Every structure is written in structure tokens, then in C-alpha cells.
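Below is the file model.cif, which contains mmCIF, C-alpha atoms.
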```
data_protein
loop_
_atom_site.label_atom_id
_atom_site.label_comp_id
_atom_site.auth_asym_id
_atom_site.auth_seq_id
_atom_site.Cartn_x
_atom_site.Cartn_y
_atom_site.Cartn_z
CA MET A 24 219.37 -75.36 -20.07
CA LYS A 25 222.38 -73.62 -18.54
CA SER A 26 222.04 -70.08 -17.22
CA ALA A 27 224.22 -67.39 -18.76
CA ALA A 28 226.37 -67.40 -15.61
CA ASP A 29 226.91 -71.19 -15.74
CA PHE A 30 227.60 -71.05 -19.49
CA ARG A 31 230.12 -68.27 -18.95
CA ALA A 32 231.86 -70.11 -16.09
CA ALA A 33 232.12 -73.38 -18.06
CA LEU A 34 233.45 -71.53 -21.10
CA ARG A 35 236.02 -69.71 -19.00
CA GLU A 36 237.16 -73.02 -17.50
CA TRP A 37 237.55 -74.57 -20.98
CA ILE A 38 239.64 -71.63 -22.21
CA LEU A 39 241.90 -71.75 -19.14
CA GLN A 40 242.34 -75.48 -19.54
CA HIS A 41 243.02 -75.50 -23.30
CA GLY A 42 244.21 -71.99 -24.13
CA LYS A 43 247.44 -70.15 -23.42
CA VAL A 44 246.50 -67.61 -20.75
CA ALA A 45 246.85 -67.06 -17.01
CA PRO A 46 243.56 -66.86 -15.06
CA ALA A 47 244.20 -63.23 -14.06
CA GLU A 48 244.65 -62.22 -17.71
CA LEU A 49 241.44 -63.79 -18.98
CA LEU A 50 238.71 -61.18 -18.66
CA ASP A 51 235.25 -61.52 -20.12
CA ASP A 52 236.15 -59.11 -22.93
CA THR A 53 239.68 -60.47 -23.63
CA PRO A 54 239.97 -61.21 -27.39
CA ILE A 55 240.72 -64.95 -27.34
CA ILE A 56 241.25 -65.52 -31.09
CA GLU A 57 243.01 -62.24 -31.88
CA ARG A 58 245.51 -62.85 -29.09
CA ARG A 59 245.81 -66.49 -30.09
CA ILE A 60 244.87 -67.60 -26.58
CA VAL A 61 242.80 -70.18 -28.42
CA SER A 62 244.78 -71.27 -31.50
CA SER A 63 243.25 -71.80 -34.91
CA VAL A 64 243.53 -75.58 -34.56
CA GLN A 65 241.56 -75.42 -31.29
CA VAL A 66 238.61 -73.53 -32.77
CA MET A 67 236.90 -76.73 -33.91
CA ASP A 68 237.31 -78.23 -30.41
CA LEU A 69 235.81 -75.07 -28.95
CA ILE A 70 232.81 -75.40 -31.26
CA LEU A 71 232.29 -79.04 -30.24
CA PHE A 72 232.51 -78.00 -26.58
CA LEU A 73 229.98 -75.20 -27.08
CA GLU A 74 227.59 -77.56 -28.88
CA GLU A 75 227.74 -79.90 -25.91
CA LEU A 76 227.38 -77.04 -23.45
CA ARG A 77 224.34 -75.50 -25.13
CA GLY A 78 222.84 -78.85 -26.14
CA ALA A 79 222.29 -77.64 -29.68
CA PRO A 80 224.33 -77.67 -32.89
CA ILE A 81 226.18 -74.64 -34.28
CA ASP A 82 225.90 -74.00 -38.01
CA VAL A 83 229.55 -73.40 -38.94
CA GLU A 84 228.56 -72.01 -42.35
CA ARG A 85 226.66 -69.17 -40.70
CA LEU A 86 229.48 -68.04 -38.42
CA LYS A 87 230.44 -64.41 -38.90
CA PRO A 88 233.74 -62.60 -38.23
CA GLY A 89 234.05 -61.74 -34.56
CA ALA A 90 231.54 -64.41 -33.43
CA PHE A 91 234.16 -65.97 -31.11
CA ARG A 92 235.83 -62.75 -30.04
CA SER A 93 235.57 -63.08 -26.25
CA ILE A 94 233.70 -64.83 -23.44
CA ASP A 95 231.13 -62.01 -23.51
CA VAL A 96 230.54 -62.29 -27.24
CA ILE A 97 230.45 -66.11 -27.28
CA THR A 98 227.94 -66.13 -24.41
CA ALA A 99 225.75 -63.57 -26.16
CA ASN A 100 225.90 -65.54 -29.40
CA PHE A 101 225.75 -69.16 -28.36
CA GLN A 102 224.03 -69.60 -25.03
CA VAL A 103 220.76 -71.31 -25.96
CA GLY A 104 218.17 -68.70 -26.78
CA ALA A 105 220.81 -66.47 -28.37
CA SER A 106 221.05 -66.55 -32.16
CA HIS A 107 224.60 -67.22 -33.26
CA GLY A 108 226.72 -64.94 -35.39
CA THR A 109 227.18 -61.24 -34.88
CA MET B 16 242.61 -43.16 -69.33
CA ALA B 17 241.24 -46.59 -70.19
CA PRO B 18 241.69 -47.66 -73.84
CA GLU B 19 238.68 -47.50 -76.17
CA ARG B 20 239.02 -51.15 -77.10
CA PRO B 21 239.79 -53.65 -74.34
CA PHE B 22 243.33 -54.91 -74.65
CA ALA B 23 244.22 -58.53 -73.87
CA PRO B 24 247.48 -58.33 -71.86
CA ALA B 25 248.42 -61.88 -72.88
CA GLU B 26 248.77 -60.66 -76.48
CA HIS B 27 251.41 -58.04 -75.69
CA PRO B 28 254.38 -58.59 -78.03
CA ASP B 29 256.87 -58.16 -75.16
CA LEU B 30 255.41 -61.15 -73.31
CA GLY B 31 256.75 -64.67 -73.85
CA TRP B 32 254.52 -67.39 -72.47
CA ASP B 33 255.35 -70.96 -71.53
CA PRO B 34 252.04 -72.76 -71.02
CA ARG B 35 253.66 -74.76 -68.21
CA GLY B 36 253.16 -71.58 -66.20
CA GLN B 37 256.07 -69.21 -66.75
CA SER B 38 256.37 -65.88 -68.53
CA ALA B 39 259.27 -63.96 -70.04
CA LEU B 40 259.32 -60.16 -70.26
CA SER B 41 261.19 -57.76 -72.49
CA GLY B 42 261.07 -54.15 -73.71
CA ASP B 43 258.15 -52.06 -72.45
CA LEU B 44 256.83 -54.83 -70.22
CA LEU B 45 260.15 -55.33 -68.50
CA GLN B 46 260.38 -51.55 -67.96
CA LEU B 47 256.89 -51.57 -66.48
CA PHE B 48 257.81 -54.49 -64.23
CA ARG B 49 260.88 -52.64 -62.93
CA ARG B 50 259.02 -49.36 -62.42
CA LEU B 51 256.20 -51.09 -60.55
CA ASP B 52 258.71 -52.79 -58.29
CA GLY B 53 260.40 -49.42 -57.84
CA VAL B 54 257.11 -47.94 -56.65
CA PHE B 55 256.63 -50.77 -54.13
CA LEU B 56 260.22 -50.42 -53.01
CA GLY B 57 259.40 -46.76 -52.44
CA LEU B 58 256.53 -47.80 -50.15
CA ALA B 59 258.97 -50.06 -48.30
CA GLY B 60 261.34 -47.10 -47.99
CA GLU B 61 258.65 -45.05 -46.26
CA SER B 62 258.80 -47.62 -43.44
CA ALA B 63 262.62 -47.58 -43.63
CA ALA B 64 262.45 -51.27 -44.55
CA ARG B 65 265.86 -52.84 -45.10
CA GLU B 66 266.10 -54.69 -48.37
CA HIS B 67 267.10 -58.38 -48.48
CA ARG B 68 267.80 -60.81 -51.28
CA PHE B 69 267.33 -64.52 -50.69
CA PRO B 70 268.21 -67.70 -52.60
CA PRO B 71 265.44 -69.55 -54.46
CA PHE B 72 265.30 -72.55 -52.07
CA LEU B 73 264.00 -72.73 -48.53
CA ALA B 74 264.86 -75.58 -46.17
CA ALA B 75 261.82 -77.83 -45.87
CA ARG B 76 262.37 -78.02 -42.11
CA HIS B 77 261.64 -74.28 -41.84
CA LEU B 78 258.31 -74.62 -43.65
CA GLU B 79 257.45 -77.69 -41.59
CA ARG B 80 257.61 -75.49 -38.47
CA VAL B 81 254.65 -73.50 -39.78
CA ASN B 82 252.72 -76.56 -41.03
CA TYR B 83 253.15 -75.47 -44.65
CA PHE B 84 252.95 -79.00 -46.06
CA ARG B 85 249.73 -79.78 -44.22
CA SER B 86 248.16 -76.46 -45.20
CA PHE B 87 249.28 -76.00 -48.82
CA PRO B 88 250.63 -79.31 -50.23
CA GLN B 89 249.01 -78.51 -53.58
CA HIS B 90 251.36 -75.56 -54.16
CA ALA B 91 254.71 -77.07 -53.17
CA THR B 92 257.51 -77.50 -55.72
CA PHE B 93 260.66 -79.38 -54.79
CA PRO B 94 264.13 -79.18 -56.35
CA VAL B 95 265.12 -82.72 -57.25
CA HIS B 96 268.56 -84.02 -58.19
CA LEU B 97 270.07 -87.34 -59.15
CA GLU B 98 271.61 -89.48 -56.49
CA ALA B 99 275.34 -88.90 -57.07
CA SER B 100 276.79 -92.41 -57.43
CA ASP B 101 278.77 -92.99 -60.67
CA GLU B 102 276.58 -95.97 -61.51
CA ASN B 103 273.38 -93.93 -61.17
CA LEU B 104 274.74 -90.98 -63.15
CA ARG B 105 276.02 -93.33 -65.88
CA ALA B 106 272.61 -95.00 -66.09
CA PHE B 107 270.92 -91.60 -66.51
CA ALA B 108 273.44 -90.30 -69.03
CA GLY B 109 273.40 -93.51 -71.06
CA GLN B 110 269.71 -93.41 -72.01
CA ASP B 111 267.41 -90.99 -73.84
CA ALA B 112 266.92 -88.28 -71.23
CA LEU B 113 263.30 -87.58 -72.23
CA ASP B 114 260.35 -89.75 -73.10
CA ALA B 115 257.95 -88.95 -75.93
CA GLN B 116 255.91 -86.60 -73.70
CA GLY B 117 258.97 -84.58 -72.71
CA ASN B 118 259.14 -86.10 -69.21
CA LEU B 119 262.62 -86.63 -67.82
CA ARG B 120 263.52 -90.27 -67.32
CA LEU B 121 265.07 -89.86 -63.91
CA THR B 122 267.08 -92.67 -62.42
CA ARG B 123 267.55 -92.70 -58.62
CA THR B 124 267.03 -89.29 -57.01
CA SER B 125 268.16 -88.05 -53.60
CA PRO B 126 265.38 -87.22 -51.15
CA PRO B 127 264.69 -83.48 -51.45
CA GLN B 128 265.30 -81.35 -48.35
CA GLU B 129 264.42 -78.02 -49.93
CA VAL B 130 261.35 -76.30 -51.34
CA LEU B 131 261.24 -73.63 -54.03
CA THR B 132 260.15 -70.40 -52.36
CA PRO B 133 256.33 -70.38 -52.17
CA ALA B 134 256.05 -66.85 -50.71
CA ALA B 135 258.76 -64.22 -50.35
CA CYS B 136 258.26 -63.48 -46.66
CA TYR B 137 258.88 -67.08 -45.53
CA HIS B 138 262.61 -66.36 -45.78
CA PHE B 139 262.53 -63.73 -43.06
CA TYR B 140 261.30 -65.83 -40.12
CA PRO B 141 264.10 -68.42 -40.11
CA ARG B 142 266.53 -65.55 -40.82
CA PHE B 143 265.53 -63.84 -37.55
CA ALA B 144 264.85 -67.03 -35.56
CA GLY B 145 265.74 -66.81 -31.87
CA ARG B 146 266.25 -63.06 -31.98
CA THR B 147 264.96 -60.60 -29.37
CA LEU B 148 263.93 -57.39 -31.10
CA ALA B 149 264.78 -54.14 -29.32
CA GLU B 150 262.59 -52.28 -31.81
CA PRO B 151 260.20 -53.23 -34.60
CA LEU B 152 261.89 -54.66 -37.65
CA TYR B 153 260.91 -53.50 -41.16
CA VAL B 154 262.24 -55.52 -44.08
CA THR B 155 261.48 -56.09 -47.74
CA THR B 156 262.39 -58.57 -50.44
CA MET B 157 261.38 -59.59 -53.92
CA ALA B 158 261.46 -63.27 -54.83
CA THR B 159 260.50 -65.53 -57.66
CA CYS B 160 257.84 -67.69 -56.03
CA PHE B 161 256.63 -71.11 -57.14
CA ARG B 162 253.14 -72.49 -56.71
CA ARG B 163 251.69 -75.45 -58.55
CA GLU B 164 248.14 -74.79 -59.74
CA ARG B 165 245.54 -76.76 -61.68
CA GLU B 166 245.82 -74.41 -64.66
CA TYR B 167 247.88 -71.43 -65.71
CA ARG B 168 247.09 -68.17 -67.47
CA PRO B 169 249.65 -65.62 -68.69
CA LEU B 170 250.43 -63.02 -65.99
CA ARG B 171 247.30 -63.98 -64.03
CA ARG B 172 248.18 -67.41 -62.68
CA GLN B 173 251.68 -68.77 -63.02
CA TRP B 174 253.77 -71.59 -61.58
CA ALA B 175 256.67 -69.13 -61.25
CA PHE B 176 255.89 -65.50 -60.47
CA SER B 177 257.42 -62.47 -58.78
CA MET B 178 256.39 -61.31 -55.35
CA ARG B 179 257.52 -58.15 -53.55
CA GLU B 180 256.78 -58.15 -49.83
CA ILE B 181 257.19 -55.57 -47.10
CA VAL B 182 257.20 -57.12 -43.65
CA CYS B 183 257.04 -55.81 -40.10
CA LEU B 184 257.98 -57.84 -37.03
CA GLY B 185 257.09 -56.20 -33.74
CA SER B 186 254.45 -55.93 -31.06
CA ALA B 187 250.78 -56.26 -32.03
CA PRO B 188 250.20 -52.45 -32.06
CA GLU B 189 253.39 -51.86 -34.05
CA VAL B 190 252.42 -54.39 -36.72
CA GLU B 191 248.82 -53.17 -36.88
CA ALA B 192 250.00 -49.55 -37.27
CA PHE B 193 252.42 -50.60 -40.02
CA LEU B 194 249.70 -52.42 -41.97
CA ALA B 195 247.26 -49.52 -41.61
CA ARG B 196 249.92 -47.06 -42.79
CA GLN B 197 250.91 -49.20 -45.77
CA ARG B 198 247.31 -49.83 -46.75
CA ALA B 199 246.48 -46.12 -46.63
CA ARG B 200 249.54 -45.23 -48.76
CA LEU B 201 248.72 -47.96 -51.25
CA GLN B 202 245.18 -46.64 -51.51
CA GLU B 203 246.49 -43.11 -52.21
CA LEU B 204 248.75 -44.50 -54.89
CA ILE B 205 246.09 -46.45 -56.78
CA ASP B 206 243.59 -43.60 -56.44
CA GLY B 207 246.21 -41.33 -58.00
CA TRP B 208 246.70 -43.79 -60.85
CA GLY B 209 242.96 -44.23 -61.39
CA LEU B 210 243.25 -48.01 -61.28
CA PRO B 211 239.89 -49.56 -60.31
CA LEU B 212 240.71 -51.92 -57.45
CA THR B 213 238.63 -53.08 -54.50
CA TRP B 214 239.58 -54.52 -51.12
CA GLN B 215 238.14 -57.90 -50.24
CA VAL B 216 238.38 -60.00 -47.11
CA ALA B 217 239.97 -63.32 -48.01
CA THR B 218 241.33 -66.53 -46.52
CA ASP B 219 244.54 -68.29 -47.47
CA PRO B 220 244.14 -71.07 -50.09
CA PHE B 221 244.23 -74.03 -47.69
CA PHE B 222 244.22 -77.43 -49.42
CA ASP B 223 241.62 -78.90 -47.08
CA PRO B 224 238.55 -76.66 -46.65
CA ARG B 225 237.96 -78.43 -43.32
CA ASN B 226 241.33 -77.23 -42.04
CA PRO B 227 240.43 -75.42 -38.79
CA LYS B 228 242.60 -72.51 -39.92
CA VAL B 229 240.01 -71.72 -42.62
CA LEU B 230 237.37 -71.33 -39.96
CA ALA B 231 239.73 -69.35 -37.73
CA GLN B 232 240.47 -66.92 -40.60
CA LYS B 233 236.74 -66.48 -41.22
CA LEU B 234 236.14 -65.72 -37.56
CA ASP B 235 239.13 -63.41 -37.34
CA PRO B 236 239.82 -61.94 -40.80
CA VAL B 237 243.55 -61.36 -41.17
CA LYS B 238 243.88 -61.19 -44.95
CA HIS B 239 242.63 -58.35 -47.14
CA GLU B 240 243.19 -58.60 -50.86
CA LEU B 241 243.40 -55.80 -53.38
CA THR B 242 241.36 -57.11 -56.28
CA PHE B 243 241.23 -56.16 -59.97
CA ALA B 244 238.11 -56.79 -62.06
CA GLY B 245 236.41 -58.50 -59.14
CA ASP B 246 238.45 -61.69 -59.08
CA LEU B 247 242.17 -61.11 -59.50
CA ALA B 248 244.03 -60.50 -56.23
CA ILE B 249 247.05 -58.38 -57.16
CA GLY B 250 248.12 -57.50 -53.65
CA SER B 251 247.29 -58.28 -50.06
CA VAL B 252 247.67 -57.00 -46.54
CA ASN B 253 248.19 -59.84 -44.07
CA LEU B 254 248.28 -59.94 -40.29
CA HIS B 255 249.93 -63.12 -39.00
CA ARG B 256 249.49 -62.23 -35.33
CA ASN B 257 252.26 -64.10 -33.43
CA TYR B 258 252.17 -67.24 -35.59
CA PHE B 259 255.68 -66.88 -37.05
CA GLY B 260 257.13 -65.22 -33.95
CA GLU B 261 256.05 -68.21 -31.90
CA ALA B 262 257.20 -70.81 -34.45
CA PHE B 263 260.68 -69.26 -34.78
CA GLY B 264 261.24 -67.93 -31.26
CA ILE B 265 261.34 -64.26 -32.28
CA ILE B 266 260.66 -62.08 -29.25
CA ARG B 267 259.44 -58.49 -28.97
CA ALA B 268 258.62 -56.82 -25.63
CA GLY B 269 258.97 -60.13 -23.76
CA GLU B 270 256.48 -62.01 -25.94
CA PRO B 271 256.53 -63.87 -29.26
CA ALA B 272 256.70 -61.17 -31.93
CA CYS B 273 253.74 -60.43 -34.15
CA SER B 274 254.23 -60.00 -37.86
CA GLY B 275 252.39 -58.70 -40.85
CA CYS B 276 253.16 -58.23 -44.51
CA VAL B 277 252.06 -56.34 -47.57
CA ALA B 278 252.47 -58.45 -50.71
CA PHE B 279 252.43 -57.57 -54.40
CA GLY B 280 252.13 -60.08 -57.24
CA LEU B 281 254.06 -58.21 -59.90
CA GLU B 282 252.89 -60.09 -63.01
CA ARG B 283 249.28 -59.58 -61.89
CA TRP B 284 249.93 -55.85 -61.56
CA LEU B 285 251.24 -55.93 -65.14
CA HIS B 286 248.00 -57.58 -66.20
CA ALA B 287 245.89 -54.96 -64.38
CA ILE B 288 247.85 -52.00 -65.83
CA LEU B 289 247.72 -53.39 -69.37
CA ALA B 290 244.05 -54.43 -69.17
CA HIS B 291 243.01 -51.03 -67.86
CA PHE B 292 245.35 -48.56 -69.56
CA GLY B 293 246.29 -50.52 -72.68
CA PRO B 294 249.68 -51.43 -74.16
CA ARG B 295 251.14 -47.95 -74.84
CA PRO B 296 253.52 -46.66 -72.15
CA GLY B 297 252.29 -43.11 -72.83
CA ASP B 298 248.84 -44.12 -71.52
CA TRP B 299 250.19 -45.51 -68.24
CA PRO B 300 250.25 -43.48 -65.00
CA GLY B 301 253.22 -41.09 -64.82
CA ALA B 302 255.39 -43.09 -62.43
CA LEU B 303 255.01 -46.16 -64.65
CA SER B 304 255.47 -44.53 -68.02
CA GLY B 305 258.77 -42.98 -67.00
CA GLY B 306 257.21 -39.54 -66.46
CA THR B 307 256.62 -37.66 -63.23
CA PRO B 308 255.01 -39.73 -60.44
#
```

Same coordinates, now as C-alpha cells:
Amino acid sequence: MKSAADFRAALREWILQHGKVAPAELLDDTPIIERRIVSSVQVMDLILFLEELRGAPIDVERLKPGAFRSIDVITANFQVGASHGT
Amino acid sequence: MAPERPFAPAEHPDLGWDPRGQSALSGDLLQLFRRLDGVFLGLAGESAAREHRFPPFLAARHLERVNYFRSFPQHATFPVHLEASDENLRAFAGQDALDAQGNLRLTRTSPPQEVLTPAACYHFYPRFAGRTLAEPLYVTTMATCFRREREYRPLRRQWAFSMREIVCLGSAPEVEAFLARQRARLQELIDGWGLPLTWQVATDPFFDPRNPKVLAQKLDPVKHELTFAGDLAIGSVNLHRNYFGEAFGIIRAGEPACSGCVAFGLERWLHAILAHFGPRPGDWPGALSGGTP
């Protein structure tokens, strides 16, 4: 199981690699969907990545508005041990 | 005041209905239609929105830039015409034009390059493509819009219907402030009229429910619908973020512009007014009956 710090670091790396944002502008509370740093078509890829990272599936039907808001929120919701949704 | 007996708007004598999904208005209903649009134009005026009028067709290449055909193929309607060679036109003219079901017997057609307007605001983004905005832009238009559906109901669901939209292009805070202002004014208006409407979070009607945009809109709600009787969306407030600004190279404050729109489906408003207040103009709210707003 990944620690919260490892989870956060891996997630940040994925967003920098796939999203439209400079490293200095990506803070832990930066809204990644609202600012379209991660586009709507990339959301599914992000979910697949998170499933791999946490080693457990994510129930897409249960996702609530704001569940992917920022690195902070995603870590709180999806790191294993956290219950997903907000 | 609501009528004692429920009134079925589809039975109004000033409504003509083509079951293929089009309505015709006259008399009191046409007056109501014009007054409603006047009220919405008044809301546009409060944002100093400049009025535009567009043709009925949109170039398909513009809609392709925003993935319209992948997202909403079920709604698209295309203007088709005969390929213009004399031989082809003679072949068409020399036969019975219709079959027994009323279908046109088309001979060769030219490949369509246009789409009948599916939503009024789509005209604005190609219109302002490549522009750098020195200040937020407020615009409005009313268009006959065309959306194919599985079934049609008078005023409530039509192939051809009328949509008034008020649009802001600007920075994210400018667009968000515009939408909040418009929503608050709209709420005041309907409270004043006593029309029972509720706001509901919604997603756009994507053809494929697995389209990742459906999930993205659930995670980040950007569409709020004003709903009559629980299931009829008669208006909506939509935040597009920088989707159109990015697709059409519209720049505000050094970044792709954000946009947002407030949309009104005019025939559906007619339905809501008639269903709630009844058919007599004297029972309609002042601004709609020709009295004082």
C-alpha cells in the first residue's frame, strides 16, 4: 500500500505529464478539473491510473461532484483506506 | 393565479401542431411568445449584451472543432440538396417526387457541409474566432434550433424550436459573475410571476453515456436547469469554462477565454405559462399579459 505522500507524488507526476500546467502552478489545492488542467476526455484515464495506484477499483457510479477537485481532495478520497466521494 | 381546472397547453386554439415536431403560433400565443422573448431580451440588456441575428445553417467544420458529431449525433439535422447536374435534376423532376409514405425520392445529392443550428450560442464562437478580447463580451441571439428526438410533443419537445441565449465571453471570474447575476435576476423574475420552477443540476444529453464528458460534468457540474413540473427544463445556466475559447482561439487576459450562457427554450416557457396560469391572457403575469411588469 502506498503512503499518502507517495500517492500524492505519483498523482502530481501524472497530472504534470498528462495535464496542461507548469510544475510551479500545480499546487495541492489547484482545481484540476475546473481549470481544465485535466480535460474531460482524460478523466477516465485518470481513474484508471488511480485504480492502479491504489490497487483497488473505483466505483464510477458513486462518484460525487468535486471528488476530483485537486490533489488534496483526490488523495483524501482515493488513497486506499479513504472512502471515495465527497 | 393557477386555473381551477388544469389546462392542456397543446389544446390551445392558437397552436398549430405538426406531429413531425414543429409548431405554429398565432394570436394570443404569438403575443405571449414575443412578450416572453422581450423579457429575456430585457435580461440581456441588463448585461448590455449586443444583439445578433444568425442564419439557420452552421458550417459543419465549426461544430467538428467542438466534437459535436461525436457528442450529439442523435440531434443533428443536415440541409440536403440535389447534385446540380442537368441529368440529375431532370431525373428528379421527371418522376413522382414522393413515395406513398410521403418520403422524397431523392436522386443524387451533394455531400452536406452544413448543419441546421442545434443551439443558438454555437454561432458566436466561430464569429469571434481568433479574437483577443480587451474586455468581456456580452452578446445575445434568438435562433430556431433543430434537434432530432425519438418522439415529439407540442411545445414540450420539438424538432424545430426557438432558443434565446445570452452569452458572456471573458475571464473565469467575469463569466462566473455574469452567470450568478443572470441567475439571480431570473429567480427574481419567476418569483414575481409566481411560476413554480426549480433548479436542477444536469448534464448535457450526450449520445454515449460512456462519453468521458458525462463523467466530467458529474464531477464538475456546469449545467443548471430551470425545471417546470419536475421534468421539463425550460431554461439553463451553463458554464463552458474555456472549452470554446480554446477550440476557437478566443483570448482574454492572455489565456483562452471562458464562456457561459443562459438559455431559454421559448416554446417550453409557453407550455409552462399556459399549464400554470391557463389560456386567458388576463390570468398571465403582468409583463406577459400586456399589463405592467

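Considering only C-alpha atoms, the residue among B:Leu230, B:Thr92, B:Ser100, B:Pro296 positioned nearest to Asp82 in chain A is B:Leu230.
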
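Going from CA of Met157 in chain B over to CA of Ser38 in chain B, you cover 16.7 Å.
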
Neighbour list for range 151-154 of chain B as number ranges by chain, cut-off 7 Å, all atoms listed in the file, skip fewer than 4 positions in-chain: B: 62-66, 181-185, 189

Residues selected by the PyMOL selection byres ((chain A and resi 33-50) around 9), written as a PyMOL selection string: chain A and resi 28-32+51-55+59-62+65+69+72-73+76+93-94+97-98

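The coordinates place CA of Val190 in chain B at 10.3 Å from CA of Asn257 in chain B.
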
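For the atom pair formed by CA of Leu254 in chain B and CA of Arg171 in chain B, the distance is 24.1 Å, given to one decimal.
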
The PyMOL selection byres ((chain B and resi 283-286) around 8) resolved against shown file, as a short mmCIF file (atom, residue, chain, number, x, y, z; two decimals) with C-alpha atoms, keeping the file's coordinate frame:
```
data_model
loop_
_atom_site.label_atom_id
_atom_site.label_comp_id
_atom_site.auth_asym_id
_atom_site.auth_seq_id
_atom_site.Cartn_x
_atom_site.Cartn_y
_atom_site.Cartn_z
CA PRO B 24 247.48 -58.33 -71.86
CA ALA B 25 248.42 -61.88 -72.88
CA LEU B 44 256.83 -54.83 -70.22
CA LEU B 47 256.89 -51.57 -66.48
CA PHE B 48 257.81 -54.49 -64.23
CA LEU B 51 256.20 -51.09 -60.55
CA LEU B 170 250.43 -63.02 -65.99
CA ARG B 171 247.30 -63.98 -64.03
CA ARG B 172 248.18 -67.41 -62.68
CA LEU B 247 242.17 -61.11 -59.50
CA ALA B 248 244.03 -60.50 -56.23
CA ILE B 249 247.05 -58.38 -57.16
CA PHE B 279 252.43 -57.57 -54.40
CA GLY B 280 252.13 -60.08 -57.24
CA LEU B 281 254.06 -58.21 -59.90
CA GLU B 282 252.89 -60.09 -63.01
CA ALA B 287 245.89 -54.96 -64.38
CA ILE B 288 247.85 -52.00 -65.83
CA LEU B 289 247.72 -53.39 -69.37
CA ALA B 290 244.05 -54.43 -69.17
#
```

Explicit residues for the PyMOL selection byres ((chain B) within 6 of (chain A)) (as a PyMOL selection string): chain B and resi 227-228+231+233-235

Selected residue of minimal separation from Pro236 in chain B among B:Asn253, B:Arg163, B:Phe22, B:Glu191, counting only C-alpha atoms: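 Using only C-alpha atoms, Pro236 in chain B sits closest to B:Asn253.
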
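Closest to Arg198 in chain B among B:Leu58, B:Ala134, B:Val216, B:Leu148 is B:Leu58, based on all atoms listed in the file.
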
Enclose range 89-102 of chain A, meaning all of its atoms listed in the file, in a box aligned along x, y and z, pad it by 6 Å on each side, and list the centre and edge lengths in Å to one decimal, as JSON.
```
{"center_x": 229.9, "center_y": -65.7, "center_z": -29.0, "size_x": 23.8, "size_y": 19.9, "size_z": 23.1}
```
